[in-house]
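Working notes, beginning with the structure itself.
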Amino acid sequence: MVQPKFAHLNGIRLHYVTAGSGPLLLFLHGFPDFWYLWKHQLAHFQHHYRVVAPDLRGYNLSDKPAEVARYRLPILVEDMRALIDHLEQKPLAVIGHDWGAAVAWELAAVYPTYLDKLIALSVAPLDILRQALRDPDIRQAWAYQLMVSSPQAEQILQAGDYHLFTQTVFGANVQVSDYAFTTADRVAYRQAWSQPGAITGGVNYYRAARLMAYFTEADRQAFLDSWNQPDRAIGGEQFFVGLTPSDLFGPTGEPPDDDRLDDVIGNPIVMPTLLLAGEHEAFDLIDRFDWFETRVLNGTMLRIPNTGHRLIHERPDRVTAHLQAFIE
C-alpha cells in the first residue's frame with residue numbers, strides 16, 4: 001500500500017506517494033490526472049522497487065501557485081530535480097505521461113546524470129509539440145489548447161460536474177470498458193479535481209508553455225464558431241457567446257522564430273530511452289520531423305495496439321509489461 005508524504009522543495013510543498021524498497025522508479029502524471037494514474041504500476045513494481053509518484057505542482061494535494069509563470073517548464077524540471085535530491089536516490093527510471101512526459105524529457109536533457117533510464121508515454125518534448133503547431137491541420141486537431149488557455153477554462157472544465165474531465169478519463173474519449181474503473185477510482189479523481197485551485201493549476205501548464213502564440217486569427221475564430229454551436233453547451237451553458245478572438249486571447253502576433261523559446265534546452269537524450277504510444281494516439285508526433293532519431297541517442301519506440309492517448313488506463317497490463325521489460 002502506498003504511503004502519502006510531503007516535501008518542501010523549490011518554493012512549494014509537494015505531495016507524493018511511495019511504496020516498496022530497492023531501485024527507485026519515479027512516475028510523473030499529466031493532465032488531468034494526479035499520482036493515482038499509476039496505481040496499477042505502483043502496485044506491481046513495489047514488490048521489487050522503491051516507487052514514487054508525485055502530484056505535480058498545481059495538482060491534487062501539492063501546492064498550486066497562482067502565477068502562470070510559476071508553471072514554466074524549467075521550474076517543473078527543478079521540482080523533480082529537487083524531489084530526487086530529497087529522496088536521496090538516483091532513479092533507475094523516470095516514467096512520464098502527457099505533461100509528465102514533457103517534464104521527463106527536459107529533466108533528462110538538463111540533468112542526464114540524475115536518471116539511468118527514461119520512459120516517455122504518448123508525448124514528445126515541448127519544442128516538438130510547438131513545431132507541430134506550425135501545421136494548420138495539427139492546430140485544427142488540437143484546438144482544445146485554445147479552450148484550456150482561455151480565461152473561461154476553469155469555468156468550462158468544472159461545468160456539468162466536471163463533464164469534460166469525466167469524458168476524458170472515464171467516458172467517450174477513452175477506450176475502456178464500463179467496468180475499468182471502480183466507484184473508488186471515480187471518487188478519487190473527483191476529489192483531486194475539486195481541490196481548491198487544481199483546475200487552474202492544470203491549465204496553467206498550457207498557458208505557461210505559450211502554445212497560444214502558434215494559433216492564427218483564423219484558428220481562433222474557427223474555435224469560437226465551433227464552441228458557439230448549440231450542441232457545445234455543457235450543463236446548459238455556453239461560454240463564448242458574443243466574444244471575439246481578441247476579447248479572449250488579445251492581439252494575434254507572429255509565431256515565435258524558435259520553438260525552444262527560452263525554456264527547452266534541446267540537448268541530446270543520452271540514456272536508454274523508451275517511447276510508448278497508443279496505436280490511435282490523438283496527439284501523435286512519433287513519426288514526424290525525425291526528432292526521435294536525431295535527439296535520442298539510444299532509443300526504442302513501441303506502439304500499443306488498440307489504444308489511444310490514455311493507454312495507461314486502456315491497457316494497464318500491457319503498459320506494465322513493456323515498462324518492466326525495458327527497466328530490467
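Following the order of the C-alpha cells, first chain is A, next is B, and so on, with residues numbered from 1 inside each chain and ligands from 1 in the order they appear.
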**Asked** If you count only C-alpha atoms, which residues fall within 10 Å of Gly11 (chain A), apart from same-chain ones fewer than 4 positions away, as a ChimeraX atom specification?
**Response** /A:63,65,79
Could you produce a table of the residues of region 185-219 of chain A lying within 12 Å of region 224-231 of chain A, with the nearest pair of atoms per residue and their separation in Å rounded to one decimal, using only C-alpha atoms, ordered by chain and increasing residue number, as a Markdown table?
| residue | atom | partner | partner_atom | distance |
| --- | --- | --- | --- | --- |
| A:Glu217 | CA | A:Leu224 | CA | 10.7 |
| A:Ala218 | CA | A:Leu224 | CA | 9.9 |
| A:Asp219 | CA | A:Leu224 | CA | 8.8 |
**In region 18-87 of chain A, DSSP strand (DSSP E or B) residues written as a ChimeraX atom specification** = /A:18-19,24-28,50-54
Output file for the selection above: C-alpha atoms, as a PDB file, in the first residue's frame:
ATOM      1  CA  THR A  18       5.703   5.946  -2.103  1.00  0.00           C
ATOM      2  CA  ALA A  19       5.934   2.226  -1.513  1.00  0.00           C
ATOM      3  CA  LEU A  24      13.918   3.940  -7.458  1.00  0.00           C
ATOM      4  CA  LEU A  25      11.219   4.340 -10.116  1.00  0.00           C
ATOM      5  CA  LEU A  26       9.762   7.852 -10.417  1.00  0.00           C
ATOM      6  CA  PHE A  27       6.340   8.194 -12.103  1.00  0.00           C
ATOM      7  CA  LEU A  28       5.102  11.566 -13.424  1.00  0.00           C
ATOM      8  CA  ARG A  50      11.008   1.786  -4.452  1.00  0.00           C
ATOM      9  CA  VAL A  51       8.185   3.520  -6.326  1.00  0.00           C
ATOM     10  CA  VAL A  52       7.402   7.223  -6.022  1.00  0.00           C
ATOM     11  CA  ALA A  53       4.611   9.149  -7.765  1.00  0.00           C
ATOM     12  CA  PRO A  54       4.186  12.857  -7.020  1.00  0.00           C
TER      13      PRO A  54
END
**Prompt:** Near Arg210 (chain A), within 10 Å and counting only C-alpha atoms, which residues show up once chain neighbours fewer than 6 positions away are dropped, as a PyMOL selection string?
**Reply:** chain A and resi 72+130+149+204+256+261
When you look at region 131-148 of chain A with a cut-off of 6 Å (counting only C-alpha atoms), what residues show up, excluding the ones that are within fewer than 5 positions of it in the same chain? I need them as a PDB file with C-alpha atoms, in the first residue's frame.
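This is the output file result-v5.pdb:
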ATOM      1  CA  ALA A 153     -11.116  27.302 -18.975  1.00  0.00           C
ATOM      2  CA  VAL A 203      -4.471  24.596 -17.280  1.00  0.00           C
ATOM      3  CA  ASP A 259      10.286  26.602 -30.977  1.00  0.00           C
TER       4      ASP A 259
END
Looking only at alpha helix (DSSP H) from DSSP on the backbone, list the matching residues of region 124-154 of chain A as a short mmCIF file (atom, residue, chain, number, x, y, z; two decimals) with C-alpha atoms, in the first residue's frame.
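For reference, states-v8.cif as written:
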data_model
loop_
_atom_site.label_atom_id
_atom_site.label_comp_id
_atom_site.auth_asym_id
_atom_site.auth_seq_id
_atom_site.Cartn_x
_atom_site.Cartn_y
_atom_site.Cartn_z
CA LEU A 126 7.77 20.53 -25.68
CA ASP A 127 9.61 22.14 -28.58
CA ILE A 128 8.45 19.32 -30.88
CA LEU A 129 4.87 19.99 -29.80
CA ARG A 130 5.37 23.64 -30.68
CA GLN A 131 6.93 22.74 -34.01
CA ALA A 132 3.88 20.61 -34.81
CA PRO A 136 -2.63 24.16 -39.80
CA ASP A 137 -4.05 20.62 -39.69
CA ILE A 138 -2.41 19.99 -36.33
CA ARG A 139 -3.74 23.28 -34.97
CA GLN A 140 -7.23 22.33 -36.07
CA ALA A 141 -6.97 18.90 -34.45
CA TYR A 144 -8.60 22.07 -27.29
CA GLN A 145 -5.45 24.02 -26.41
CA LEU A 146 -7.37 27.22 -27.13
CA MET A 147 -10.02 26.18 -24.64
CA VAL A 148 -7.59 25.30 -21.85
CA SER A 149 -5.67 28.54 -22.44
CA ALA A 153 -11.12 27.30 -18.97
CA GLU A 154 -11.77 26.83 -15.27
#
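Going from CA of Glu281 (chain A) over to CA of Leu164 (chain A), you cover 18.4 Å.
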**Item:** Surrounding residues of Phe239 (chain A) excluding itself and chain neighbours under 5 positions, 9 Å, only C-alpha atoms, as a list in words
**Value:**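 So, after excluding close chain neighbours, the residues are Gln152, Gln155, Ile156, Trp227, Asn228, Ala233 and Ile234 of chain A.
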**Asked** Nearest to His309 (chain A): which of A:Asp161, A:Glu78, A:Asp284, A:Asp258 is it, counting only C-alpha atoms?
**Response**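 Of the candidates, the smallest distance to His309 (chain A) is held by A:Asp284.
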**Item:** Computed interatomic separation between CA of Gln221 (chain A) and CA of Pro245 (chain A) (Å)
**Value:**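 For CA of Gln221 (chain A) relative to CA of Pro245 (chain A), the distance reads 6.0 Å.
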**Prompt:** Using only C-alpha atoms, which residues sit within 8 Å of Thr307 (chain A) once same-chain residues fewer than 2 positions away are excluded, as a list in words?
**Reply:**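 So the residues in contact are Gln175, Gly278, Glu279, His280, Glu281, Ile304, Pro305, His309, Arg310, Leu311, Glu314 and Arg315 of chain A.
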**Asked** CA of Asp262 (chain A) to CA of Val103 (chain A): how many Å, to one decimal?
**Response**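 Taking CA of Asp262 (chain A) as the start and CA of Val103 (chain A) as the end point, the length is 14.9 Å.
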